[in-house]
Amino acid sequence: MHKKLFFCCSSSSGCREMILRELGESLASAGGFITEQAVGEEGSLLGLDLFPTAAAAVDGFIGARFLDMTVVPPKTDNEVFRVEAVRLLQEAPYYPFAVLDSIGGFELVIPQFREALAAFLSSSVPCIGILRPLEEAELMRGFLGLGERCTAFAARLRSALEADDETMLLDVPGELEAGHIAALHQWVETFTH
């Protein structure tokens, strides 16, 4: 079984929910990070927040807002990935396994994050996560007014994951299929118990 399992899926595929549901209570002992949508009382999207994986299910824990959708154009806070996400990646080897939900977006243009991610991915820590498809990186690039480096870094990350013998990258073009779910079950059974 590969130590690192990444699902390459869109935010509407249900991958994230399936991974979190499958990991269940073991999330409390995981390193890495999870991104959550911040939603207003009327259901409007306020932004995206970054949480330590182990704290994601803790009521009242306040995540770090890295994308503010309440302003036009939306505003990114690169410090969240320059400092907080780097710290979480550096601490991840001290946990039995890590979750990276999700990578492959604008955070890749931040050199400190890329360095910490590369160091973590070269470690022997079991990891499960979501890699955003290149099409989503391209959409985000346009949405946030980023340069071509964003999609170039996303393409390099995908190539590096595909070339790594310890990593399984599963493309999910639509909804999760039986093979995806079986790989998820097997990874959870192998690395979280």
# chains A, B, ... in the order shown; residues from 1 in each chain; ligands from 1

call {"tool": "select_by_dssp", "arguments": {"residues": "chain A", "states": "strand (DSSP E or B)", "output": "PyMOL selection string"}}
result
chain A and resi 4-8+30-39+45-52+64-68+75-76+97-103+127-131+167-171

call {"tool": "select_by_dssp", "arguments": {"residues": "region 13-125 of chain A", "states": "alpha helix (DSSP H)", "output": "list in words"}}
result
Cys15, Arg16, Glu17, Met18, Ile19, Leu20, Arg21, Glu22, Leu23, Asn78, Glu79, Ala85, Val86, Arg87, Leu88, Leu89, Gln90, Glu91, Pro111, Gln112, Phe113, Arg114, Glu115, Ala116, Leu117, Ala118, Ala119, Phe120 and Leu121 of chain A

call {"tool": "residues_around", "arguments": {"residues": "Leu169 (chain A)", "least_positions_apart": "2", "cutoff": "9 Å", "atoms": "only C-alpha atoms", "output": "PDB file with C-alpha atoms, in the first residue's frame"}}
result
ATOM      1  CA  LYS A   4       0.669   8.732   0.429  1.00  0.00           C
ATOM      2  CA  LEU A   5      -2.753   8.753  -1.191  1.00  0.00           C
ATOM      3  CA  PHE A   6      -4.059  11.809  -3.039  1.00  0.00           C
ATOM      4  CA  PHE A   7      -7.394  12.174  -4.732  1.00  0.00           C
ATOM      5  CA  CYS A   8      -7.327  14.613  -7.640  1.00  0.00           C
ATOM      6  CA  LEU A 131      -4.942  17.630  -4.987  1.00  0.00           C
ATOM      7  CA  ARG A 158       1.226  16.814  -9.905  1.00  0.00           C
ATOM      8  CA  LEU A 161       3.413  13.134  -7.013  1.00  0.00           C
ATOM      9  CA  GLU A 162       2.951  10.925 -10.093  1.00  0.00           C
ATOM     10  CA  THR A 167       2.406   8.045  -3.685  1.00  0.00           C
ATOM     11  CA  ASP A 171      -8.089  10.983 -10.567  1.00  0.00           C
TER      12      ASP A 171
END

call {"tool": "atom_distance", "arguments": {"atom1": "CA of Thr53 (chain A)", "atom2": "CA of Val71 (chain A)"}}
result
27.4 Å

call {"tool": "closest_residue", "arguments": {"among": "A:Leu23, A:Leu134, A:Val99, A:Ile34", "to": "Glu84 (chain A)", "atoms": "only C-alpha atoms"}}
result
A:Ile34

call {"tool": "closest_atom_pairs", "arguments": {"of": "region 85-129 of chain A", "to": "region 184-187 of chain A", "cutoff": "12 Å", "atoms": "only C-alpha atoms", "output": "tab-separated table"}}
result
residue	atom	partner	partner_atom	distance
A:Phe97	CA	A:Trp187	CA	10.8
A:Pro126	CA	A:Trp187	CA	9.1
A:Cys127	CA	A:Trp187	CA	9.2
A:Ile128	CA	A:Trp187	CA	8.2
A:Gly129	CA	A:Leu184	CA	10.4

call {"tool": "write_last_selection", "arguments": {"atoms": "all heavy atoms", "output": "PDB file, in the first residue's frame"}}
result
ATOM      1  N   PHE A  97      -0.035  10.149  11.203  1.00  0.00           N
ATOM      2  CA  PHE A  97      -0.330  10.362   9.787  1.00  0.00           C
ATOM      3  C   PHE A  97      -0.783  11.811   9.619  1.00  0.00           C
ATOM      4  O   PHE A  97      -1.014  12.523  10.591  1.00  0.00           O
ATOM      5  CB  PHE A  97      -1.390   9.388   9.266  1.00  0.00           C
ATOM      6  CG  PHE A  97      -2.779   9.638   9.791  1.00  0.00           C
ATOM      7  CD1 PHE A  97      -3.688  10.394   9.063  1.00  0.00           C
ATOM      8  CD2 PHE A  97      -3.181   9.106  11.011  1.00  0.00           C
ATOM      9  CE1 PHE A  97      -4.971  10.628   9.549  1.00  0.00           C
ATOM     10  CE2 PHE A  97      -4.464   9.330  11.496  1.00  0.00           C
ATOM     11  CZ  PHE A  97      -5.356  10.092  10.764  1.00  0.00           C
ATOM     12  N   PRO A 126       2.882   8.785   6.603  1.00  0.00           N
ATOM     13  CA  PRO A 126       1.710   8.477   5.788  1.00  0.00           C
ATOM     14  C   PRO A 126       0.835   9.725   5.661  1.00  0.00           C
ATOM     15  O   PRO A 126       0.680  10.489   6.617  1.00  0.00           O
ATOM     16  CB  PRO A 126       0.989   7.383   6.573  1.00  0.00           C
ATOM     17  CG  PRO A 126       2.047   6.774   7.437  1.00  0.00           C
ATOM     18  CD  PRO A 126       2.970   7.898   7.785  1.00  0.00           C
ATOM     19  N   CYS A 127       0.283   9.907   4.487  1.00  0.00           N
ATOM     20  CA  CYS A 127      -0.488  11.127   4.227  1.00  0.00           C
ATOM     21  C   CYS A 127      -1.628  10.820   3.267  1.00  0.00           C
ATOM     22  O   CYS A 127      -1.469  10.043   2.326  1.00  0.00           O
ATOM     23  CB  CYS A 127       0.442  12.182   3.625  1.00  0.00           C
ATOM     24  SG  CYS A 127      -0.376  13.691   3.121  1.00  0.00           S
ATOM     25  N   ILE A 128      -2.754  11.431   3.542  1.00  0.00           N
ATOM     26  CA  ILE A 128      -3.894  11.345   2.634  1.00  0.00           C
ATOM     27  C   ILE A 128      -4.347  12.767   2.354  1.00  0.00           C
ATOM     28  O   ILE A 128      -4.269  13.633   3.230  1.00  0.00           O
ATOM     29  CB  ILE A 128      -5.031  10.488   3.232  1.00  0.00           C
ATOM     30  CG1 ILE A 128      -6.103  10.198   2.181  1.00  0.00           C
ATOM     31  CG2 ILE A 128      -5.609  11.113   4.490  1.00  0.00           C
ATOM     32  CD1 ILE A 128      -7.056   9.086   2.580  1.00  0.00           C
ATOM     33  N   GLY A 129      -4.776  13.024   1.132  1.00  0.00           N
ATOM     34  CA  GLY A 129      -5.175  14.390   0.837  1.00  0.00           C
ATOM     35  C   GLY A 129      -5.873  14.548  -0.492  1.00  0.00           C
ATOM     36  O   GLY A 129      -6.163  13.579  -1.189  1.00  0.00           O
TER      37      GLY A 129
END

call {"tool": "atom_distance", "arguments": {"atom1": "CA of Gln37 (chain A)", "atom2": "CA of Gln90 (chain A)"}}
result
24.0 Å

call {"tool": "residues_around", "arguments": {"residues": "Leu88 (chain A)", "least_positions_apart": "6", "cutoff": "9 Å", "atoms": "only C-alpha atoms", "output": "list in words"}}
result
Gly31, Gly32, Phe33, Pro52 and Thr53 of chain A

call {"tool": "atom_distance", "arguments": {"atom1": "CA of Ala30 (chain A)", "atom2": "CA of Leu157 (chain A)"}}
result
22.5 Å

call {"tool": "residues_around", "arguments": {"residues": "Ile103 (chain A)", "least_positions_apart": "3", "cutoff": "7 Å", "atoms": "only C-alpha atoms", "output": "JSON, numbers by chain"}}
result
{"A": [100, 130, 131, 132]}
